[in-house]
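Peer 1: This is run_19.cif (mmCIF, N, CA and C atoms).
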```cif
data_run
loop_
_atom_site.group_PDB
_atom_site.id
_atom_site.type_symbol
_atom_site.label_atom_id
_atom_site.label_comp_id
_atom_site.auth_asym_id
_atom_site.auth_seq_id
_atom_site.Cartn_x
_atom_site.Cartn_y
_atom_site.Cartn_z
ATOM 1 N N MET A 809 118.527 134.954 9.461
ATOM 2 C CA MET A 809 119.797 135.040 10.120
ATOM 3 C C MET A 809 119.576 135.562 11.536
ATOM 4 N N PRO A 810 119.551 134.688 12.539
ATOM 5 C CA PRO A 810 119.345 135.130 13.916
ATOM 6 C C PRO A 810 120.513 135.974 14.435
ATOM 7 N N TYR A 811 120.142 137.022 15.147
ATOM 8 C CA TYR A 811 121.098 137.882 15.828
ATOM 9 C C TYR A 811 120.671 137.937 17.281
ATOM 10 N N VAL A 812 121.539 137.526 18.177
ATOM 11 C CA VAL A 812 121.231 137.503 19.609
ATOM 12 C C VAL A 812 122.191 138.448 20.315
ATOM 13 N N ASN A 813 121.642 139.344 21.109
ATOM 14 C CA ASN A 813 122.450 140.296 21.864
ATOM 15 C C ASN A 813 122.276 139.981 23.346
ATOM 16 N N ILE A 814 123.366 139.616 23.998
ATOM 17 C CA ILE A 814 123.352 139.305 25.426
ATOM 18 C C ILE A 814 124.063 140.436 26.147
ATOM 19 N N GLN A 815 123.387 141.039 27.094
ATOM 20 C CA GLN A 815 123.995 142.108 27.880
ATOM 21 C C GLN A 815 124.172 141.615 29.307
ATOM 22 N N ILE A 816 125.408 141.721 29.800
ATOM 23 C CA ILE A 816 125.737 141.292 31.153
ATOM 24 C C ILE A 816 126.643 142.338 31.792
ATOM 25 N N THR A 817 126.682 142.336 33.111
ATOM 26 C CA THR A 817 127.654 143.182 33.773
ATOM 27 C C THR A 817 129.026 142.518 33.625
ATOM 28 N N LYS A 818 130.061 143.331 33.684
ATOM 29 C CA LYS A 818 131.422 142.824 33.495
ATOM 30 C C LYS A 818 131.788 141.806 34.562
ATOM 31 N N GLY A 819 132.645 140.871 34.163
ATOM 32 C CA GLY A 819 133.142 139.904 35.133
ATOM 33 C C GLY A 819 133.141 138.469 34.645
ATOM 34 N N ALA A 820 132.448 138.189 33.553
ATOM 35 C CA ALA A 820 132.435 136.817 33.035
ATOM 36 C C ALA A 820 133.790 136.488 32.424
ATOM 37 N N THR A 821 134.195 135.247 32.570
ATOM 38 C CA THR A 821 135.451 134.806 31.974
ATOM 39 C C THR A 821 135.251 134.534 30.481
ATOM 40 N N ARG A 822 136.361 134.446 29.780
ATOM 41 C CA ARG A 822 136.303 134.107 28.350
ATOM 42 C C ARG A 822 135.608 132.752 28.162
ATOM 43 N N LYS A 823 135.913 131.793 29.025
ATOM 44 C CA LYS A 823 135.297 130.458 28.947
ATOM 45 C C LYS A 823 133.784 130.551 29.142
ATOM 46 N N GLN A 824 133.337 131.335 30.113
ATOM 47 C CA GLN A 824 131.899 131.494 30.344
ATOM 48 C C GLN A 824 131.214 132.106 29.123
ATOM 49 N N LYS A 825 131.853 133.110 28.527
ATOM 50 C CA LYS A 825 131.269 133.742 27.342
ATOM 51 C C LYS A 825 131.247 132.774 26.161
ATOM 52 N N ALA A 826 132.300 131.987 26.001
ATOM 53 C CA ALA A 826 132.323 130.983 24.934
ATOM 54 C C ALA A 826 131.204 129.967 25.129
ATOM 55 N N ASN A 827 130.968 129.565 26.382
ATOM 56 C CA ASN A 827 129.883 128.620 26.673
ATOM 57 C C ASN A 827 128.520 129.230 26.361
ATOM 58 N N LEU A 828 128.336 130.515 26.667
ATOM 59 C CA LEU A 828 127.076 131.192 26.335
ATOM 60 C C LEU A 828 126.829 131.180 24.834
ATOM 61 N N VAL A 829 127.860 131.531 24.067
ATOM 62 C CA VAL A 829 127.729 131.553 22.608
ATOM 63 C C VAL A 829 127.375 130.163 22.090
ATOM 64 N N LYS A 830 128.048 129.145 22.597
ATOM 65 C CA LYS A 830 127.758 127.774 22.159
ATOM 66 C C LYS A 830 126.346 127.349 22.539
ATOM 67 N N ASP A 831 125.941 127.621 23.779
ATOM 68 C CA ASP A 831 124.616 127.213 24.238
ATOM 69 C C ASP A 831 123.492 127.914 23.475
ATOM 70 N N VAL A 832 123.648 129.200 23.241
ATOM 71 C CA VAL A 832 122.628 129.945 22.489
ATOM 72 C C VAL A 832 122.559 129.429 21.057
ATOM 73 N N THR A 833 123.709 129.222 20.441
ATOM 74 C CA THR A 833 123.742 128.697 19.078
ATOM 75 C C THR A 833 123.096 127.318 19.016
ATOM 76 N N ASP A 834 123.473 126.429 19.921
ATOM 77 C CA ASP A 834 122.897 125.084 19.949
ATOM 78 C C ASP A 834 121.381 125.129 20.127
ATOM 79 N N SER A 835 120.897 126.032 20.956
ATOM 80 C CA SER A 835 119.460 126.154 21.190
ATOM 81 C C SER A 835 118.724 126.600 19.924
ATOM 82 N N LEU A 836 119.265 127.576 19.217
ATOM 83 C CA LEU A 836 118.621 128.036 17.981
ATOM 84 C C LEU A 836 118.647 126.964 16.896
ATOM 85 N N VAL A 837 119.709 126.185 16.850
ATOM 86 C CA VAL A 837 119.784 125.070 15.901
ATOM 87 C C VAL A 837 118.730 124.025 16.256
ATOM 88 N N ARG A 838 118.669 123.662 17.531
ATOM 89 C CA ARG A 838 117.759 122.622 17.993
ATOM 90 C C ARG A 838 116.292 123.057 17.906
ATOM 91 N N GLU A 839 115.976 124.234 18.392
ATOM 92 C CA GLU A 839 114.581 124.654 18.506
ATOM 93 C C GLU A 839 114.002 125.269 17.234
ATOM 94 N N LEU A 840 114.831 125.948 16.451
ATOM 95 C CA LEU A 840 114.323 126.646 15.273
ATOM 96 C C LEU A 840 114.863 126.099 13.956
ATOM 97 N N GLY A 841 115.773 125.116 14.059
ATOM 98 C CA GLY A 841 116.320 124.522 12.852
ATOM 99 C C GLY A 841 117.242 125.450 12.073
ATOM 100 N N LYS A 842 117.833 126.425 12.757
ATOM 101 C CA LYS A 842 118.731 127.376 12.098
ATOM 102 C C LYS A 842 120.097 126.746 11.867
ATOM 103 N N LYS A 843 120.810 127.242 10.868
ATOM 104 C CA LYS A 843 122.161 126.780 10.584
ATOM 105 C C LYS A 843 123.133 127.564 11.460
ATOM 106 N N PRO A 844 124.078 126.878 12.106
ATOM 107 C CA PRO A 844 125.021 127.571 12.990
ATOM 108 C C PRO A 844 125.775 128.705 12.312
ATOM 109 N N ASP A 845 126.094 128.538 11.018
ATOM 110 C CA ASP A 845 126.868 129.578 10.341
ATOM 111 C C ASP A 845 126.035 130.805 9.977
ATOM 112 N N HIS A 846 124.746 130.786 10.319
ATOM 113 C CA HIS A 846 123.884 131.947 10.108
ATOM 114 C C HIS A 846 123.577 132.677 11.416
ATOM 115 N N ILE A 847 124.079 132.167 12.515
ATOM 116 C CA ILE A 847 123.732 132.704 13.841
ATOM 117 C C ILE A 847 124.843 133.629 14.335
ATOM 118 N N HIS A 848 124.429 134.816 14.765
ATOM 119 C CA HIS A 848 125.356 135.792 15.334
ATOM 120 C C HIS A 848 124.984 136.014 16.788
ATOM 121 N N VAL A 849 125.957 135.910 17.675
ATOM 122 C CA VAL A 849 125.740 136.162 19.100
ATOM 123 C C VAL A 849 126.735 137.243 19.524
ATOM 124 N N VAL A 850 126.211 138.319 20.097
ATOM 125 C CA VAL A 850 127.037 139.427 20.562
ATOM 126 C C VAL A 850 126.872 139.537 22.074
ATOM 127 N N ILE A 851 127.976 139.579 22.776
ATOM 128 C CA ILE A 851 127.942 139.765 24.232
ATOM 129 C C ILE A 851 128.463 141.161 24.528
ATOM 130 N N GLN A 852 127.622 141.943 25.186
ATOM 131 C CA GLN A 852 128.018 143.280 25.606
ATOM 132 C C GLN A 852 128.199 143.273 27.110
ATOM 133 N N GLU A 853 129.387 143.650 27.538
ATOM 134 C CA GLU A 853 129.661 143.732 28.969
ATOM 135 C C GLU A 853 129.533 145.195 29.397
ATOM 136 N N ILE A 854 128.766 145.411 30.436
ATOM 137 C CA ILE A 854 128.456 146.756 30.897
ATOM 138 C C ILE A 854 128.969 146.932 32.322
ATOM 139 N N GLU A 855 129.606 148.043 32.564
ATOM 140 C CA GLU A 855 130.072 148.347 33.923
ATOM 141 C C GLU A 855 128.873 148.394 34.867
ATOM 142 N N GLU A 856 129.074 147.896 36.077
ATOM 143 C CA GLU A 856 127.978 147.864 37.053
ATOM 144 C C GLU A 856 127.443 149.252 37.377
ATOM 145 N N GLU A 857 128.267 150.270 37.252
ATOM 146 C CA GLU A 857 127.795 151.627 37.523
ATOM 147 C C GLU A 857 126.906 152.153 36.391
ATOM 148 N N ASN A 858 126.841 151.416 35.282
ATOM 149 C CA ASN A 858 126.002 151.798 34.145
ATOM 150 C C ASN A 858 124.790 150.891 33.987
ATOM 151 N N TRP A 859 124.499 150.098 35.011
ATOM 152 C CA TRP A 859 123.375 149.151 34.965
ATOM 153 C C TRP A 859 122.512 149.399 36.189
ATOM 154 N N GLY A 860 121.228 149.597 35.981
ATOM 155 C CA GLY A 860 120.319 149.821 37.093
ATOM 156 C C GLY A 860 119.556 148.566 37.449
ATOM 157 N N PHE A 861 119.314 148.389 38.738
ATOM 158 C CA PHE A 861 118.584 147.218 39.223
ATOM 159 C C PHE A 861 117.883 147.596 40.511
ATOM 160 N N SER A 862 116.616 147.290 40.604
ATOM 161 C CA SER A 862 115.865 147.515 41.835
ATOM 162 C C SER A 862 115.934 148.977 42.292
ATOM 163 N N GLY A 863 115.929 149.882 41.321
ATOM 164 C CA GLY A 863 115.934 151.301 41.629
ATOM 165 C C GLY A 863 117.288 151.889 41.963
ATOM 166 N N MET A 864 118.348 151.099 41.801
ATOM 167 C CA MET A 864 119.693 151.569 42.118
ATOM 168 C C MET A 864 120.658 151.142 41.024
ATOM 169 N N LEU A 865 121.805 151.792 40.997
ATOM 170 C CA LEU A 865 122.874 151.290 40.142
ATOM 171 C C LEU A 865 123.363 149.966 40.737
ATOM 172 N N THR A 866 123.732 149.041 39.891
ATOM 173 C CA THR A 866 124.071 147.697 40.348
ATOM 174 C C THR A 866 125.222 147.680 41.346
ATOM 175 N N ASP A 867 126.244 148.515 41.137
ATOM 176 C CA ASP A 867 127.353 148.512 42.093
ATOM 177 C C ASP A 867 126.880 148.944 43.482
ATOM 178 N N GLU A 868 125.962 149.901 43.533
ATOM 179 C CA GLU A 868 125.422 150.348 44.817
ATOM 180 C C GLU A 868 124.504 149.280 45.421
ATOM 181 N N TRP A 869 123.708 148.642 44.580
ATOM 182 C CA TRP A 869 122.809 147.581 45.053
ATOM 183 C C TRP A 869 123.613 146.454 45.682
ATOM 184 N N LYS A 870 124.722 146.070 45.050
ATOM 185 C CA LYS A 870 125.567 144.999 45.605
ATOM 186 C C LYS A 870 126.119 145.382 46.971
ATOM 187 N N LYS A 871 126.535 146.628 47.133
ATOM 188 C CA LYS A 871 127.051 147.079 48.429
ATOM 189 C C LYS A 871 125.970 146.986 49.500
ATOM 190 N N ASN A 872 124.741 147.341 49.148
ATOM 191 C CA ASN A 872 123.638 147.361 50.117
ATOM 192 C C ASN A 872 123.066 145.983 50.416
ATOM 193 N N SER A 873 123.304 145.025 49.538
ATOM 194 C CA SER A 873 122.701 143.697 49.723
ATOM 195 C C SER A 873 123.553 142.748 50.548
ATOM 196 N N LYS A 874 124.706 143.214 50.998
ATOM 197 C CA LYS A 874 125.611 142.345 51.763
ATOM 198 C C LYS A 874 125.238 142.333 53.218
#
```
Kindly return the structure encoded in the file as structure tokens.

Peer 2:
Amino acid sequence: MPYVNIQITKGATRKQKANLVKDVTDSLVRELGKKPDHIHVVIQEIEEENWGFSGMLTDEWKKNSK
């Protein structure tokens, strides 16, 4: 029973998240022969101030990269 955990910063639309779930499920079915009803995909959205990137919090990194 595959379990996939996707962590992203907040901001994705419901449609984008639905597409991620479908694409990941389709890939596991195609590549590993898994049954779709056995696949669990969890999307965790994390505030940018709680995500570090390039030695900085993501919200600060975005401000500096403009």

Peer 1: From the DSSP assignment of the backbone, select every residue of chain A that is helix (DSSP H, G or I), and format the answer as a VMD selection string.

Peer 2: chain A and resid 822 to 840 844 to 846 856 to 858 866 to 872

Peer 1: Write the residues you've just listed into a file as a short mmCIF file (atom, residue, chain, number, x, y, z; two decimals), in the frame of the given file, and include N, CA and C atoms for each of them.

Peer 2:
```
data_model
loop_
_atom_site.label_atom_id
_atom_site.label_comp_id
_atom_site.auth_asym_id
_atom_site.auth_seq_id
_atom_site.Cartn_x
_atom_site.Cartn_y
_atom_site.Cartn_z
N ARG A 822 136.36 134.45 29.78
CA ARG A 822 136.30 134.11 28.35
C ARG A 822 135.61 132.75 28.16
N LYS A 823 135.91 131.79 29.02
CA LYS A 823 135.30 130.46 28.95
C LYS A 823 133.78 130.55 29.14
N GLN A 824 133.34 131.34 30.11
CA GLN A 824 131.90 131.49 30.34
C GLN A 824 131.21 132.11 29.12
N LYS A 825 131.85 133.11 28.53
CA LYS A 825 131.27 133.74 27.34
C LYS A 825 131.25 132.77 26.16
N ALA A 826 132.30 131.99 26.00
CA ALA A 826 132.32 130.98 24.93
C ALA A 826 131.20 129.97 25.13
N ASN A 827 130.97 129.56 26.38
CA ASN A 827 129.88 128.62 26.67
C ASN A 827 128.52 129.23 26.36
N LEU A 828 128.34 130.51 26.67
CA LEU A 828 127.08 131.19 26.34
C LEU A 828 126.83 131.18 24.83
N VAL A 829 127.86 131.53 24.07
CA VAL A 829 127.73 131.55 22.61
C VAL A 829 127.38 130.16 22.09
N LYS A 830 128.05 129.15 22.60
CA LYS A 830 127.76 127.77 22.16
C LYS A 830 126.35 127.35 22.54
N ASP A 831 125.94 127.62 23.78
CA ASP A 831 124.62 127.21 24.24
C ASP A 831 123.49 127.91 23.48
N VAL A 832 123.65 129.20 23.24
CA VAL A 832 122.63 129.94 22.49
C VAL A 832 122.56 129.43 21.06
N THR A 833 123.71 129.22 20.44
CA THR A 833 123.74 128.70 19.08
C THR A 833 123.10 127.32 19.02
N ASP A 834 123.47 126.43 19.92
CA ASP A 834 122.90 125.08 19.95
C ASP A 834 121.38 125.13 20.13
N SER A 835 120.90 126.03 20.96
CA SER A 835 119.46 126.15 21.19
C SER A 835 118.72 126.60 19.92
N LEU A 836 119.26 127.58 19.22
CA LEU A 836 118.62 128.04 17.98
C LEU A 836 118.65 126.96 16.90
N VAL A 837 119.71 126.18 16.85
CA VAL A 837 119.78 125.07 15.90
C VAL A 837 118.73 124.02 16.26
N ARG A 838 118.67 123.66 17.53
CA ARG A 838 117.76 122.62 17.99
C ARG A 838 116.29 123.06 17.91
N GLU A 839 115.98 124.23 18.39
CA GLU A 839 114.58 124.65 18.51
C GLU A 839 114.00 125.27 17.23
N LEU A 840 114.83 125.95 16.45
CA LEU A 840 114.32 126.65 15.27
C LEU A 840 114.86 126.10 13.96
N PRO A 844 124.08 126.88 12.11
CA PRO A 844 125.02 127.57 12.99
C PRO A 844 125.78 128.71 12.31
N ASP A 845 126.09 128.54 11.02
CA ASP A 845 126.87 129.58 10.34
C ASP A 845 126.04 130.80 9.98
N HIS A 846 124.75 130.79 10.32
CA HIS A 846 123.88 131.95 10.11
C HIS A 846 123.58 132.68 11.42
N GLU A 856 129.07 147.90 36.08
CA GLU A 856 127.98 147.86 37.05
C GLU A 856 127.44 149.25 37.38
N GLU A 857 128.27 150.27 37.25
CA GLU A 857 127.80 151.63 37.52
C GLU A 857 126.91 152.15 36.39
N ASN A 858 126.84 151.42 35.28
CA ASN A 858 126.00 151.80 34.15
C ASN A 858 124.79 150.89 33.99
N THR A 866 123.73 149.04 39.89
CA THR A 866 124.07 147.70 40.35
C THR A 866 125.22 147.68 41.35
N ASP A 867 126.24 148.51 41.14
CA ASP A 867 127.35 148.51 42.09
C ASP A 867 126.88 148.94 43.48
N GLU A 868 125.96 149.90 43.53
CA GLU A 868 125.42 150.35 44.82
C GLU A 868 124.50 149.28 45.42
N TRP A 869 123.71 148.64 44.58
CA TRP A 869 122.81 147.58 45.05
C TRP A 869 123.61 146.45 45.68
N LYS A 870 124.72 146.07 45.05
CA LYS A 870 125.57 145.00 45.60
C LYS A 870 126.12 145.38 46.97
N LYS A 871 126.54 146.63 47.13
CA LYS A 871 127.05 147.08 48.43
C LYS A 871 125.97 146.99 49.50
N ASN A 872 124.74 147.34 49.15
CA ASN A 872 123.64 147.36 50.12
C ASN A 872 123.07 145.98 50.42
#
```

Peer 1: Can you tell me which residues surround range 825-831 of chain A at a distance of at most 9 Å, considering only C-alpha atoms, apart from same-chain residues fewer than 2 positions away, and format the answer as a list of chain:residue names?

Peer 2: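 Here the answer would be A:Ile814, A:Ala820, A:Thr821, A:Arg822, A:Lys823, A:Thr833, A:Asp834, A:Ser835, A:Leu836, A:His848, A:Val849, A:Val850, A:Ile851.
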
Peer 1: Please build the interface table for range 811-864 of chain A against range 869-873 of chain A with a cut-off of 8 Å, listing for each qualifying residue the nearest atom pair and the distance in Å to one decimal; count all atoms listed in the file, order rows by chain and increasing number, and write it as a Markdown table.

Peer 2:
```
| residue | atom | partner | partner_atom | distance |
| --- | --- | --- | --- | --- |
| A:Phe861 | C | A:Trp869 | CA | 6.7 |
| A:Ser862 | C | A:Trp869 | CA | 7.5 |
| A:Gly863 | C | A:Trp869 | CA | 7.7 |
| A:Met864 | C | A:Trp869 | N | 5.3 |
```

Peer 1: What separation in Å, quoted to one decimal, exists between atom N of Val837 in chain A and atom C of Gln852 in chain A?

Peer 2: 21.7 Å

Peer 1: Counting all atoms listed in the file, figure out which residue out of A:Gly860, A:Thr866, A:Leu840, A:Ile847 gets nearest to Met809 in chain A.

Peer 2: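 Of A:Gly860, A:Thr866, A:Leu840, A:Ile847, the one nearest Met809 in chain A, counting all atoms listed in the file, is A:Ile847.
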
Peer 1: Between CA of Glu856 in chain A and atom C of Pro810 in chain A, what is the spacing in Å?

Peer 2: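 We find that atom C of Pro810 in chain A and CA of Glu856 in chain A lie 26.6 Å from each other.
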
Peer 1: Under the rule that only C-alpha atoms are counted, which of A:Leu865, A:Asn858, A:Glu853, A:Gly841 is the nearest residue to Thr817 in chain A?

Peer 2: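 Ranked by minimum distance to Thr817 in chain A, first place goes to A:Glu853.
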